[in-house]
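Visitor: CSV, C-alpha atoms, saved as protein.csv, coming up:
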```
chain,number,residue,atom,x,y,z
M,1,MET,CA,-12.6,11.7,-24.7
M,2,ILE,CA,-10.0,10.1,-22.4
M,3,ASP,CA,-9.8,6.3,-22.5
M,4,ASP,CA,-10.7,4.5,-19.3
M,5,PHE,CA,-7.4,2.8,-18.9
M,6,ILE,CA,-5.5,6.2,-19.2
M,7,LEU,CA,-7.9,7.7,-16.6
M,8,ARG,CA,-7.3,4.8,-14.2
M,9,ALA,CA,-3.6,5.1,-14.7
M,10,ALA,CA,-3.6,8.8,-14.0
M,11,LEU,CA,-5.7,8.4,-10.9
M,12,ALA,CA,-3.5,5.6,-9.6
M,13,GLY,CA,-0.4,7.6,-10.1
M,14,LEU,CA,-1.9,10.7,-8.5
M,15,MET,CA,-2.9,8.7,-5.4
M,16,VAL,CA,0.5,7.2,-5.1
M,17,ALA,CA,2.0,10.7,-5.3
M,18,LEU,CA,-0.4,11.9,-2.6
M,19,ALA,CA,0.9,9.2,-0.2
M,20,ALA,CA,4.5,9.3,-1.3
M,21,GLY,CA,5.0,13.1,-1.0
M,22,PRO,CA,4.7,13.6,2.8
M,23,LEU,CA,6.2,10.1,3.5
M,24,GLY,CA,9.1,10.9,1.2
M,25,CYS,CA,9.9,14.0,3.2
M,26,PHE,CA,10.5,11.9,6.3
M,27,VAL,CA,12.6,9.5,4.2
M,28,VAL,CA,14.8,12.5,3.2
M,29,TRP,CA,14.9,14.1,6.6
M,30,ARG,CA,15.8,10.9,8.3
M,31,ARG,CA,18.2,9.8,5.6
M,32,MET,CA,16.3,6.6,5.1
M,33,ALA,CA,16.7,6.3,1.3
M,34,TYR,CA,18.3,2.8,1.5
M,35,PHE,CA,15.6,1.8,4.0
M,36,GLY,CA,13.0,2.5,1.4
M,37,ASP,CA,15.1,0.5,-1.2
M,38,ALA,CA,15.2,-2.5,1.2
M,39,THR,CA,11.5,-2.5,1.8
M,40,ALA,CA,10.7,-2.1,-1.9
M,41,HIS,CA,13.1,-4.9,-2.9
M,42,ALA,CA,11.3,-7.2,-0.5
M,43,ALA,CA,8.2,-6.7,-2.5
M,44,ILE,CA,9.5,-9.2,-5.1
M,45,LEU,CA,9.8,-11.8,-2.4
M,46,GLY,CA,6.2,-10.9,-1.4
M,47,VAL,CA,5.0,-11.5,-5.0
M,48,ALA,CA,6.6,-14.9,-5.1
M,49,LEU,CA,5.1,-15.9,-1.8
M,50,ALA,CA,1.7,-14.6,-2.8
M,51,LEU,CA,1.7,-16.6,-6.0
M,52,ALA,CA,3.0,-19.7,-4.2
M,53,PHE,CA,0.2,-19.6,-1.6
M,54,SER,CA,-2.5,-18.4,-4.1
M,55,VAL,CA,-3.2,-15.2,-2.1
M,56,SER,CA,-3.5,-11.6,-3.2
M,57,VAL,CA,-0.3,-10.1,-4.6
M,58,PHE,CA,-1.1,-6.9,-2.7
M,59,LEU,CA,-1.4,-8.8,0.6
M,60,GLY,CA,1.8,-10.8,0.0
M,61,THR,CA,3.7,-7.6,-0.9
M,62,LEU,CA,2.3,-5.7,2.1
M,63,VAL,CA,3.1,-8.5,4.6
M,64,THR,CA,6.6,-9.0,3.3
M,65,ALA,CA,7.4,-5.3,3.1
M,66,LEU,CA,6.1,-4.8,6.6
M,67,VAL,CA,8.2,-7.7,7.9
M,68,MET,CA,11.3,-6.3,6.2
M,69,ALA,CA,10.6,-2.8,7.5
M,70,VAL,CA,10.1,-4.0,11.1
M,71,VAL,CA,13.3,-6.1,10.9
M,72,VAL,CA,15.4,-3.1,9.6
M,73,SER,CA,13.8,-0.7,12.1
M,74,THR,CA,14.6,-3.2,15.0
M,75,LEU,CA,18.2,-3.6,13.9
M,76,ALA,CA,18.6,0.2,13.6
M,77,GLY,CA,17.3,0.6,17.2
M,78,ARG,CA,20.0,-1.9,18.3
M,79,GLY,CA,22.8,0.1,16.7
M,80,TRP,CA,23.7,-2.1,13.8
M,81,ALA,CA,25.7,-0.6,10.9
M,82,MET,CA,22.8,0.3,8.7
M,83,ASP,CA,24.5,0.7,5.3
M,84,THR,CA,25.9,-2.9,5.4
M,85,THR,CA,22.8,-4.4,7.0
M,86,LEU,CA,20.4,-2.7,4.5
M,87,GLY,CA,22.6,-3.7,1.6
M,88,VAL,CA,22.5,-7.4,2.6
M,89,LEU,CA,18.8,-7.5,3.4
M,90,ALA,CA,17.7,-5.5,0.3
M,91,HIS,CA,19.6,-7.5,-2.3
M,92,SER,CA,19.0,-10.8,-0.5
M,93,ALA,CA,15.3,-10.3,-0.5
M,94,LEU,CA,15.3,-9.3,-4.2
M,95,ALA,CA,17.4,-12.3,-5.2
M,96,LEU,CA,15.4,-14.7,-3.1
M,97,GLY,CA,12.2,-13.4,-4.7
M,98,LEU,CA,13.6,-13.9,-8.2
M,99,VAL,CA,14.8,-17.4,-7.4
M,100,ALA,CA,11.5,-18.3,-5.7
M,101,VAL,CA,9.4,-17.2,-8.8
M,102,SER,CA,11.5,-19.5,-11.0
M,103,PHE,CA,10.5,-22.5,-8.8
M,104,LEU,CA,6.7,-21.9,-9.0
M,105,PRO,CA,5.2,-24.8,-10.9
M,106,GLY,CA,2.9,-24.0,-13.8
M,107,VAL,CA,3.0,-20.2,-13.1
M,108,ARG,CA,4.2,-17.9,-15.8
M,109,VAL,CA,5.1,-14.5,-14.3
M,110,ASP,CA,6.2,-11.4,-16.2
M,111,LEU,CA,8.6,-10.0,-13.7
M,112,THR,CA,9.0,-6.8,-15.6
M,113,VAL,CA,5.6,-5.8,-14.4
M,114,TYR,CA,6.7,-6.1,-10.8
M,115,LEU,CA,10.2,-4.7,-11.2
M,116,PHE,CA,9.2,-1.6,-13.3
M,117,GLY,CA,5.5,-1.3,-12.9
M,118,ASP,CA,2.7,-1.4,-15.4
M,119,ILE,CA,0.4,1.5,-14.6
M,120,LEU,CA,-1.5,1.3,-17.8
M,121,THR,CA,-3.0,-2.1,-16.8
M,122,VAL,CA,-4.4,-0.8,-13.5
M,123,SER,CA,-7.9,-2.3,-13.1
M,124,ARG,CA,-10.9,-0.9,-11.2
M,125,THR,CA,-10.0,-3.3,-8.3
M,126,ASP,CA,-6.4,-2.2,-8.3
M,127,LEU,CA,-7.6,1.4,-8.3
M,128,MET,CA,-9.7,0.8,-5.2
M,129,VAL,CA,-6.9,-0.9,-3.4
M,130,ILE,CA,-4.5,1.9,-4.3
M,131,ALA,CA,-7.1,4.5,-3.1
M,132,ALA,CA,-7.5,2.7,0.2
M,133,GLY,CA,-3.8,2.4,0.8
M,134,ALA,CA,-3.1,6.0,-0.2
M,135,ALA,CA,-6.0,7.2,2.1
M,136,LEU,CA,-4.6,5.2,5.0
M,137,VAL,CA,-1.0,6.5,4.5
M,138,THR,CA,-2.3,10.1,4.2
M,139,GLY,CA,-4.4,9.7,7.3
M,140,LEU,CA,-1.4,8.3,9.2
M,141,MET,CA,0.7,11.3,8.1
M,142,LEU,CA,-1.9,13.8,9.1
M,143,TRP,CA,-2.6,12.1,12.4
M,144,ARG,CA,1.0,11.7,13.5
M,145,TRP,CA,2.6,14.7,11.7
M,146,ARG,CA,3.7,16.7,14.7
M,147,PRO,CA,4.9,13.7,16.7
M,148,LEU,CA,6.7,12.4,13.7
M,149,LEU,CA,8.3,15.7,13.1
M,150,ALA,CA,9.4,16.1,16.7
M,151,ALA,CA,10.9,12.6,16.7
M,152,THR,CA,12.7,13.4,13.4
M,153,ILE,CA,14.3,16.6,14.8
M,154,SER,CA,15.5,15.0,18.0
M,155,GLU,CA,14.4,11.7,19.6
M,156,ASP,CA,15.7,12.9,23.0
M,157,LEU,CA,13.6,16.1,22.9
M,158,ALA,CA,10.6,14.1,21.7
M,159,GLN,CA,11.0,11.7,24.6
M,160,SER,CA,11.3,14.5,27.1
M,161,ALA,CA,8.0,15.9,25.7
M,162,GLY,CA,6.3,12.7,26.5
M,163,LEU,CA,6.4,11.2,23.0
M,164,ASN,CA,7.6,7.7,22.2
M,165,PRO,CA,10.1,7.8,19.3
M,166,ALA,CA,9.9,4.0,18.8
M,167,ARG,CA,6.2,4.3,18.2
M,168,GLU,CA,6.7,7.1,15.7
M,169,ARG,CA,9.3,5.0,13.9
M,170,LEU,CA,6.8,2.1,13.8
M,171,VAL,CA,4.2,4.5,12.2
M,172,LEU,CA,6.7,5.4,9.5
M,173,VAL,CA,7.5,1.7,8.9
M,174,LEU,CA,3.8,0.9,8.5
M,175,ALA,CA,3.3,3.8,6.1
M,176,LEU,CA,6.3,2.8,4.1
M,177,ALA,CA,5.2,-0.8,3.8
M,178,ILE,CA,1.7,0.3,2.6
M,179,THR,CA,3.1,2.7,0.1
M,180,VAL,CA,5.4,0.0,-1.3
M,181,ALA,CA,2.5,-2.4,-1.7
M,182,VAL,CA,0.2,0.1,-3.5
M,183,ALA,CA,2.9,1.6,-5.7
M,184,LEU,CA,4.1,-1.8,-7.0
M,185,LYS,CA,1.7,-1.7,-9.9
M,186,VAL,CA,2.5,1.9,-10.7
M,187,VAL,CA,6.3,2.2,-10.8
M,188,GLY,CA,7.5,-1.3,-9.7
M,189,ALA,CA,9.8,-2.5,-6.9
M,190,LEU,CA,13.0,-1.0,-8.4
M,191,LEU,CA,11.6,2.5,-8.8
M,192,ILE,CA,9.3,2.9,-5.7
M,193,ALA,CA,12.1,4.5,-3.6
M,194,ALA,CA,12.7,7.0,-6.4
M,195,MET,CA,9.1,8.2,-6.2
M,196,LEU,CA,9.5,8.6,-2.4
M,197,ILE,CA,12.9,10.4,-2.6
M,198,ILE,CA,13.1,12.5,-5.8
M,199,PRO,CA,9.9,14.7,-5.4
M,200,ALA,CA,10.8,15.3,-1.7
M,201,ALA,CA,14.4,16.2,-2.6
M,202,ALA,CA,13.3,18.6,-5.3
M,203,ALA,CA,10.8,20.2,-2.9
M,204,ARG,CA,13.4,20.7,-0.3
M,205,VAL,CA,15.3,23.2,-2.4
M,206,TYR,CA,12.5,25.7,-2.3
M,207,ALA,CA,10.4,24.9,0.8
M,208,ARG,CA,10.6,27.1,3.8
M,209,THR,CA,8.6,24.9,6.2
M,210,PRO,CA,8.1,21.2,6.7
M,211,GLU,CA,4.5,21.4,5.7
M,212,GLY,CA,5.4,23.5,2.6
M,213,MET,CA,7.9,20.8,1.6
M,214,ALA,CA,5.3,18.0,2.0
M,215,VAL,CA,2.7,19.9,-0.2
M,216,LEU,CA,5.3,20.8,-2.8
M,217,ALA,CA,6.5,17.1,-2.9
M,218,VAL,CA,2.9,16.0,-3.6
M,219,LEU,CA,2.5,18.6,-6.4
M,220,LEU,CA,5.8,17.6,-8.0
M,221,GLY,CA,5.0,13.9,-7.7
M,222,ALA,CA,1.6,14.5,-9.3
M,223,ALA,CA,3.2,16.6,-12.1
M,224,ALA,CA,5.7,13.8,-12.7
M,225,VAL,CA,3.0,11.2,-13.0
M,226,LEU,CA,1.0,13.3,-15.6
M,227,LEU,CA,4.1,14.3,-17.5
M,228,GLY,CA,5.5,10.7,-17.5
M,229,LEU,CA,2.2,9.2,-18.6
M,230,GLY,CA,2.0,11.8,-21.4
M,231,LEU,CA,5.5,11.0,-22.5
M,232,SER,CA,4.8,7.3,-22.4
M,233,MET,CA,1.7,7.6,-24.6
M,234,GLN,CA,3.4,10.0,-27.1
M,235,VAL,CA,6.7,8.2,-27.7
M,236,ASP,CA,5.8,4.7,-26.5
M,237,THR,CA,8.2,4.5,-23.5
M,238,PRO,CA,7.7,2.4,-20.3
M,239,ALA,CA,5.3,4.3,-18.1
M,240,GLY,CA,6.9,3.7,-14.7
M,241,PRO,CA,10.4,4.7,-15.8
M,242,SER,CA,9.0,7.7,-17.7
M,243,ILE,CA,7.3,8.9,-14.5
M,244,VAL,CA,10.5,8.7,-12.5
M,245,SER,CA,12.5,10.3,-15.3
M,246,ALA,CA,10.0,13.3,-15.2
M,247,ALA,CA,10.6,13.5,-11.5
M,248,ALA,CA,14.3,13.5,-12.0
M,249,ALA,CA,14.0,16.3,-14.5
M,250,PHE,CA,12.1,18.3,-11.9
M,251,PHE,CA,14.8,17.7,-9.4
M,252,ALA,CA,17.5,18.7,-11.9
M,253,GLY,CA,15.5,21.9,-12.7
M,254,SER,CA,15.1,22.8,-9.0
M,255,VAL,CA,18.8,22.3,-8.2
M,256,GLY,CA,19.8,24.3,-11.3
M,257,GLY,CA,17.2,27.0,-10.6
M,258,ALA,CA,18.3,27.4,-7.0
M,259,GLY,CA,22.0,27.7,-8.1
M,260,ILE,CA,21.1,30.4,-10.6
M,261,TRP,CA,19.0,32.2,-8.0
M,262,ARG,CA,21.9,32.2,-5.5
M,263,MET,CA,24.3,33.5,-8.0
M,264,ALA,CA,21.9,36.3,-9.0
M,265,ARG,CA,21.6,37.4,-5.4
M,266,ARG,CA,25.4,37.8,-4.9
```
Show the structure stored in the file as structure tokens.

Guide:
Amino acid sequence: MIDDFILRAALAGLMVALAAGPLGCFVVWRRMAYFGDATAHAAILGVALALAFSVSVFLGTLVTALVMAVVVSTLAGRGWAMDTTLGVLAHSALALGLVAVSFLPGVRVDLTVYLFGDILTVSRTDLMVIAAGAALVTGLMLWRWRPLLAATISEDLAQSAGLNPARERLVLVLALAITVAVALKVVGALLIAAMLIIPAAAARVYARTPEGMAVLAVLLGAAAVLLGLGLSMQVDTPAGPSIVSAAAAFFAGSVGGAGIWRMARR
């Protein structure tokens, strides 16, 4: 019989994988890896603000991640040098969050939970919040898939087809902020970007269509969650890092397998 806390952890991880798979494909296609990092790092500042104002950590994380994502997206639209801007914003938000937590009177916070996740402590309430967030992100991806894909291929062509690239960018920003907020308990702020990027990057090696890549990214993310949780339970390793390590192993295997396949065809 599977213990309740393990079942809740598995369900939470699988729902995050469902949301992160298709979204991660757009992160990879648009080369937004550092964008995801900046949004995730802002989550720690959101945790500090939520504790300071006695509101839900999920709400504080969501609002802060959304503000960061909108700021970064706006600066990108104005032609700012993104590598420098994202570096400044990401690390500043993380540092401010860590400093702010230290000033909270009478509040003892285990920052490890927010930095690296604690999926094994997911409660029923957490599970419902994660389910709602994952459903919203998945719905956004299904609803705007073709416009998002067109804007990703070429913003000029998308605009000539009557689409609004800025609106599609905003949809991505919203989906990214929601994913960061729901994944905080699962893999933590420092590893959220990895769950977005690694399964999608591994899927890209073998996928022949955008839709195929999205489905394969979800499957690889789900497999990484189950394998990482199993590893964590067996050898007592941190669950969040174990999940990301499993995803990294899949990526290494996909790259190595693709190389062998290409050599065999010569």

Visitor: What lies within 9 Å of Leu104 of chain M using only C-alpha atoms, ignoring chain neighbours under 5 positions off, as a ChimeraX atom specification?

Guide: /M:48,51-52

Visitor: With all atoms listed in the file as the counted atoms, please give the residues lying no more than 10 Å from segment 22-28 of chain M, apart from itself and same-chain residues fewer than 2 positions off, as a PyMOL selection string.

Guide: chain M and resi 17-20+30-36+137-138+140-142+145+148-149+152+172+175-176+179+193-201+203-204+210-218

Visitor: Could you write out that same residue set with C-alpha atoms as a PDB file, in the frame of the given file?

Guide:
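Printed below is part13.pdb as written:
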```
ATOM      1  CA  ALA M  17       2.000  10.700  -5.300  1.00  0.00           C
ATOM      2  CA  LEU M  18      -0.400  11.900  -2.600  1.00  0.00           C
ATOM      3  CA  ALA M  19       0.900   9.200  -0.200  1.00  0.00           C
ATOM      4  CA  ALA M  20       4.500   9.300  -1.300  1.00  0.00           C
ATOM      5  CA  ARG M  30      15.800  10.900   8.300  1.00  0.00           C
ATOM      6  CA  ARG M  31      18.200   9.800   5.600  1.00  0.00           C
ATOM      7  CA  MET M  32      16.300   6.600   5.100  1.00  0.00           C
ATOM      8  CA  ALA M  33      16.700   6.300   1.300  1.00  0.00           C
ATOM      9  CA  TYR M  34      18.300   2.800   1.500  1.00  0.00           C
ATOM     10  CA  PHE M  35      15.600   1.800   4.000  1.00  0.00           C
ATOM     11  CA  GLY M  36      13.000   2.500   1.400  1.00  0.00           C
ATOM     12  CA  VAL M 137      -1.000   6.500   4.500  1.00  0.00           C
ATOM     13  CA  THR M 138      -2.300  10.100   4.200  1.00  0.00           C
ATOM     14  CA  LEU M 140      -1.400   8.300   9.200  1.00  0.00           C
ATOM     15  CA  MET M 141       0.700  11.300   8.100  1.00  0.00           C
ATOM     16  CA  LEU M 142      -1.900  13.800   9.100  1.00  0.00           C
ATOM     17  CA  TRP M 145       2.600  14.700  11.700  1.00  0.00           C
ATOM     18  CA  LEU M 148       6.700  12.400  13.700  1.00  0.00           C
ATOM     19  CA  LEU M 149       8.300  15.700  13.100  1.00  0.00           C
ATOM     20  CA  THR M 152      12.700  13.400  13.400  1.00  0.00           C
ATOM     21  CA  LEU M 172       6.700   5.400   9.500  1.00  0.00           C
ATOM     22  CA  ALA M 175       3.300   3.800   6.100  1.00  0.00           C
ATOM     23  CA  LEU M 176       6.300   2.800   4.100  1.00  0.00           C
ATOM     24  CA  THR M 179       3.100   2.700   0.100  1.00  0.00           C
ATOM     25  CA  ALA M 193      12.100   4.500  -3.600  1.00  0.00           C
ATOM     26  CA  ALA M 194      12.700   7.000  -6.400  1.00  0.00           C
ATOM     27  CA  MET M 195       9.100   8.200  -6.200  1.00  0.00           C
ATOM     28  CA  LEU M 196       9.500   8.600  -2.400  1.00  0.00           C
ATOM     29  CA  ILE M 197      12.900  10.400  -2.600  1.00  0.00           C
ATOM     30  CA  ILE M 198      13.100  12.500  -5.800  1.00  0.00           C
ATOM     31  CA  PRO M 199       9.900  14.700  -5.400  1.00  0.00           C
ATOM     32  CA  ALA M 200      10.800  15.300  -1.700  1.00  0.00           C
ATOM     33  CA  ALA M 201      14.400  16.200  -2.600  1.00  0.00           C
ATOM     34  CA  ALA M 203      10.800  20.200  -2.900  1.00  0.00           C
ATOM     35  CA  ARG M 204      13.400  20.700  -0.300  1.00  0.00           C
ATOM     36  CA  PRO M 210       8.100  21.200   6.700  1.00  0.00           C
ATOM     37  CA  GLU M 211       4.500  21.400   5.700  1.00  0.00           C
ATOM     38  CA  GLY M 212       5.400  23.500   2.600  1.00  0.00           C
ATOM     39  CA  MET M 213       7.900  20.800   1.600  1.00  0.00           C
ATOM     40  CA  ALA M 214       5.300  18.000   2.000  1.00  0.00           C
ATOM     41  CA  VAL M 215       2.700  19.900  -0.200  1.00  0.00           C
ATOM     42  CA  LEU M 216       5.300  20.800  -2.800  1.00  0.00           C
ATOM     43  CA  ALA M 217       6.500  17.100  -2.900  1.00  0.00           C
ATOM     44  CA  VAL M 218       2.900  16.000  -3.600  1.00  0.00           C
TER      45      VAL M 218
END
```

Visitor: Using all atoms listed in the file, find each residue of segment 216-266 of chain M with at least one atom at most 12 Å away from an atom of segment 119-130 of chain M; report its shortest atom-to-atom pair and that distance in Å (one decimal), sort the rows by chain and rising residue number, and return the result as CSV.

Guide:
```
residue,atom,partner,partner_atom,distance
M:Val225,CA,M:Ile119,CA,10.2
M:Leu226,CA,M:Ile119,CA,11.9
M:Gly228,CA,M:Ile119,CA,10.9
M:Leu229,CA,M:Leu120,CA,8.8
M:Gly230,CA,M:Leu120,CA,11.6
M:Ser232,CA,M:Leu120,CA,9.8
M:Met233,CA,M:Leu120,CA,9.8
M:Asp236,CA,M:Leu120,CA,11.9
M:Thr237,CA,M:Leu120,CA,11.7
M:Pro238,CA,M:Ile119,CA,9.3
M:Ala239,CA,M:Ile119,CA,6.6
M:Gly240,CA,M:Ile119,CA,6.9
M:Pro241,CA,M:Ile119,CA,10.6
M:Ser242,CA,M:Ile119,CA,11.0
M:Ile243,CA,M:Ile119,CA,10.1
```

Visitor: Between M:Gln234, M:Gln159, M:Thr209, M:Thr64, which has the minimum distance to Gly97 of chain M (counting all atoms listed in the file)?

Guide: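 That would be M:Thr64, the residue with the smallest distance to Gly97 of chain M.
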
Visitor: How far is it from atom CA of Phe5 of chain M to atom CA of Val180 of chain M, in Å with one decimal?

Guide: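 Computed distance, atom CA of Phe5 of chain M to atom CA of Val180 of chain M, equals 21.9 Å.
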
Visitor: Quick one: of M:Ala42, M:Leu49, M:Lys185, M:Ala158, who's nearest to Phe103 of chain M, counting only C-alpha atoms?

Guide: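 Residue with the minimum atom-to-atom distance to Phe103 of chain M: M:Leu49.
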
Visitor: Which neighbours of segment 61-63 of chain M fall inside 12 Å, counting all atoms listed in the file, when residues of the same chain fewer than 3 positions from it are skipped, and could you give them as a PyMOL selection string?

Guide: chain M and resi 39-51+55-58+66-70+93+97+114+129+133+173-185+188-189

Visitor: Calculate how many Å separate atom CA of Arg146 of chain M from atom CA of Arg167 of chain M, rounding to one decimal.

Guide: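 Answer for the atom CA of Arg146 of chain M to atom CA of Arg167 of chain M separation: 13.1 Å.
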
Visitor: Return the single residue from M:Leu98, M:Ala252, M:Ala166, M:Leu75 that is closest to Thr112 of chain M, with distances computed using all atoms listed in the file.

Guide: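 When distances to Thr112 of chain M are compared using all atoms listed in the file, the smallest one comes from M:Leu98.
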
Visitor: When distances are computed from only C-alpha atoms, which of M:Val255, M:Leu170, M:Val205, M:Leu14 shows the smallest separation from Thr74 of chain M?

Guide: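 Of M:Val255, M:Leu170, M:Val205, M:Leu14, the one nearest Thr74 of chain M is M:Leu170, counting only C-alpha atoms.
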
Visitor: Taking only C-alpha atoms into account, which of M:Gly139, M:Trp29, M:Leu190, M:Gly117 comes nearest His91 of chain M?

Guide: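 Going through M:Gly139, M:Trp29, M:Leu190, M:Gly117 one by one, the smallest distance to His91 of chain M is for M:Leu190.
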